[in-house]
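*Asks:* Sharing a structure, written as structure tokens. Questions coming.
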Amino acid sequence: MICYSHRFWPALSSIILKQLKLNVMKTLKITTLILVITLFTGMMAKAQTTTAKDSSSNSTTMKTYLIERDIPNAGKLTPAQLKAISQKSCAVLQHMGPQIQWIQSYVTGDKIFCVYKAENEDLIREHAKEGGFPANVITEIATTISPATAKQ
């Protein structure tokens with residue numbers, strides 16, 4: 001059996017207390033991070049619609065649309081070609097104003113699927129016409145779900 005002198009206990013207890021403080025601080029940081037992530041995920045899951053204000057200060061609800069664009073060999077477009085398409089789209093959107101917004105697009109083999117927010121479907125068609133892109137199918141998105149939906 002090892003017997004420690006009373007001289008070593010203060011030093012040993014000081015080391016134990018320091019380690020305990022470090023563990024508590026780590027736990028608090030992790031708990032805070034989990035809380036922030038949980039709150040952020042919850043807010044994003046509830047963000048189903050966006051409200052935009054027009055120049056007359058009236059509020060208009062923006063609807064979300066999925067646009068299917070048939071573009072042969074879209075998946076083989078170069079980064080420079082995709083950049084040019086994006087620039088053209090952004091120029092048209094800037095000209096059209098805040099009642100239509102491009103959110104994101106997904107490029108596949110022969111199609112590009114785009115997510116837009118707009119006041120109505122006619123604005124989506126106008127954007128496609130002015131930009132010279134097809135808008136073969138326009139579908140209004142009723143709601144969205146994600147892994148966060150399962151936790152609500």
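Letters A, B, ... go to the chains of the structure tokens in the order shown; residues in each chain start at 1; ligands are counted from 1 in the same order.
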Residues near Asp110 (chain A), anyone? I mean within 7 Å using only C-alpha atoms, not counting same-chain ones fewer than 4 positions away, as a ChimeraX atom specification.
*Replies:* /A:70-75
*Asks:* If we count only C-alpha atoms, what is near Leu93 (chain A) at a cut-off of 12 Å, once residues fewer than 2 positions away on the same chain are taken out, given as a PyMOL selection string?
*Replies:* chain A and resi 86-91+95-103+116-118+123-124+126-131
*Asks:* Would you mind exporting N, CA and C atoms of the selected residues as a compact mmCIF listing (two decimals), in the first residue's frame?
*Replies:*
# COMPACT_ATOMS: atom_id res chain seq x y z
N SER A 86 -25.08 31.18 -65.63
CA SER A 86 -25.41 31.81 -64.33
C SER A 86 -25.40 33.33 -64.44
N GLN A 87 -24.41 33.87 -65.14
CA GLN A 87 -24.33 35.33 -65.30
C GLN A 87 -25.54 35.86 -66.08
N LYS A 88 -25.94 35.15 -67.12
CA LYS A 88 -27.10 35.57 -67.91
C LYS A 88 -28.35 35.56 -67.04
N SER A 89 -28.53 34.49 -66.28
CA SER A 89 -29.69 34.37 -65.40
C SER A 89 -29.71 35.52 -64.38
N CYS A 90 -28.56 35.79 -63.77
CA CYS A 90 -28.49 36.86 -62.76
C CYS A 90 -28.78 38.22 -63.37
N ALA A 91 -28.32 38.46 -64.60
CA ALA A 91 -28.58 39.74 -65.27
C ALA A 91 -30.09 39.92 -65.51
N HIS A 95 -32.72 42.71 -63.68
CA HIS A 95 -33.61 43.55 -64.47
C HIS A 95 -35.07 43.38 -64.04
N MET A 96 -35.45 42.16 -63.64
CA MET A 96 -36.84 41.86 -63.28
C MET A 96 -37.22 42.38 -61.90
N GLY A 97 -36.26 42.52 -61.01
CA GLY A 97 -36.56 43.05 -59.68
C GLY A 97 -36.70 41.97 -58.62
N PRO A 98 -37.08 42.38 -57.39
CA PRO A 98 -37.05 41.47 -56.24
C PRO A 98 -38.21 40.47 -56.16
N GLN A 99 -39.14 40.53 -57.09
CA GLN A 99 -40.28 39.61 -57.01
C GLN A 99 -39.95 38.21 -57.53
N ILE A 100 -38.71 37.98 -57.95
CA ILE A 100 -38.25 36.65 -58.36
C ILE A 100 -36.80 36.49 -57.91
N GLN A 101 -36.49 35.31 -57.34
CA GLN A 101 -35.15 35.05 -56.82
C GLN A 101 -34.71 33.64 -57.19
N TRP A 102 -33.48 33.50 -57.62
CA TRP A 102 -32.90 32.18 -57.91
C TRP A 102 -32.26 31.68 -56.62
N ILE A 103 -32.64 30.50 -56.20
CA ILE A 103 -32.10 29.93 -54.97
C ILE A 103 -30.91 29.01 -55.26
N TYR A 116 -36.50 28.30 -57.47
CA TYR A 116 -36.71 29.74 -57.50
C TYR A 116 -37.80 30.11 -56.50
N LYS A 117 -37.75 31.33 -56.04
CA LYS A 117 -38.86 31.93 -55.29
C LYS A 117 -39.39 33.03 -56.19
N ALA A 118 -40.71 33.08 -56.31
CA ALA A 118 -41.33 34.10 -57.15
C ALA A 118 -42.75 34.33 -56.68
N LEU A 123 -43.80 34.87 -63.73
CA LEU A 123 -42.46 35.46 -63.60
C LEU A 123 -41.37 34.44 -63.94
N ILE A 124 -41.61 33.19 -63.60
CA ILE A 124 -40.66 32.12 -63.94
C ILE A 124 -40.58 32.00 -65.47
N GLU A 126 -41.37 34.30 -67.71
CA GLU A 126 -40.76 35.52 -68.25
C GLU A 126 -39.24 35.46 -68.13
N HIS A 127 -38.75 35.01 -66.99
CA HIS A 127 -37.31 34.88 -66.78
C HIS A 127 -36.71 33.92 -67.81
N ALA A 128 -37.35 32.78 -68.01
CA ALA A 128 -36.85 31.79 -68.98
C ALA A 128 -36.83 32.38 -70.39
N LYS A 129 -37.89 33.09 -70.74
CA LYS A 129 -37.97 33.67 -72.09
C LYS A 129 -36.89 34.73 -72.30
N GLU A 130 -36.76 35.64 -71.33
CA GLU A 130 -35.75 36.71 -71.45
C GLU A 130 -34.32 36.16 -71.43
N GLY A 131 -34.12 35.08 -70.67
CA GLY A 131 -32.78 34.50 -70.56
C GLY A 131 -32.44 33.54 -71.69
*Asks:* Using only C-alpha atoms, determine which residues lie at most 12 Å from Arg69 (chain A), disregarding the query and same-chain residues fewer than 4 positions distant; provide the list as a VMD selection string.
*Replies:* chain A and resid 73 to 74 105 to 115 124 to 125 128 132 to 139
*Asks:* Using only C-alpha atoms, which residue out of A:Leu20, A:Ile141, A:Ala148, A:Leu77 lies closest to Lys63 (chain A)?
*Replies:*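 Nearest to Lys63 (chain A): A:Ile141.
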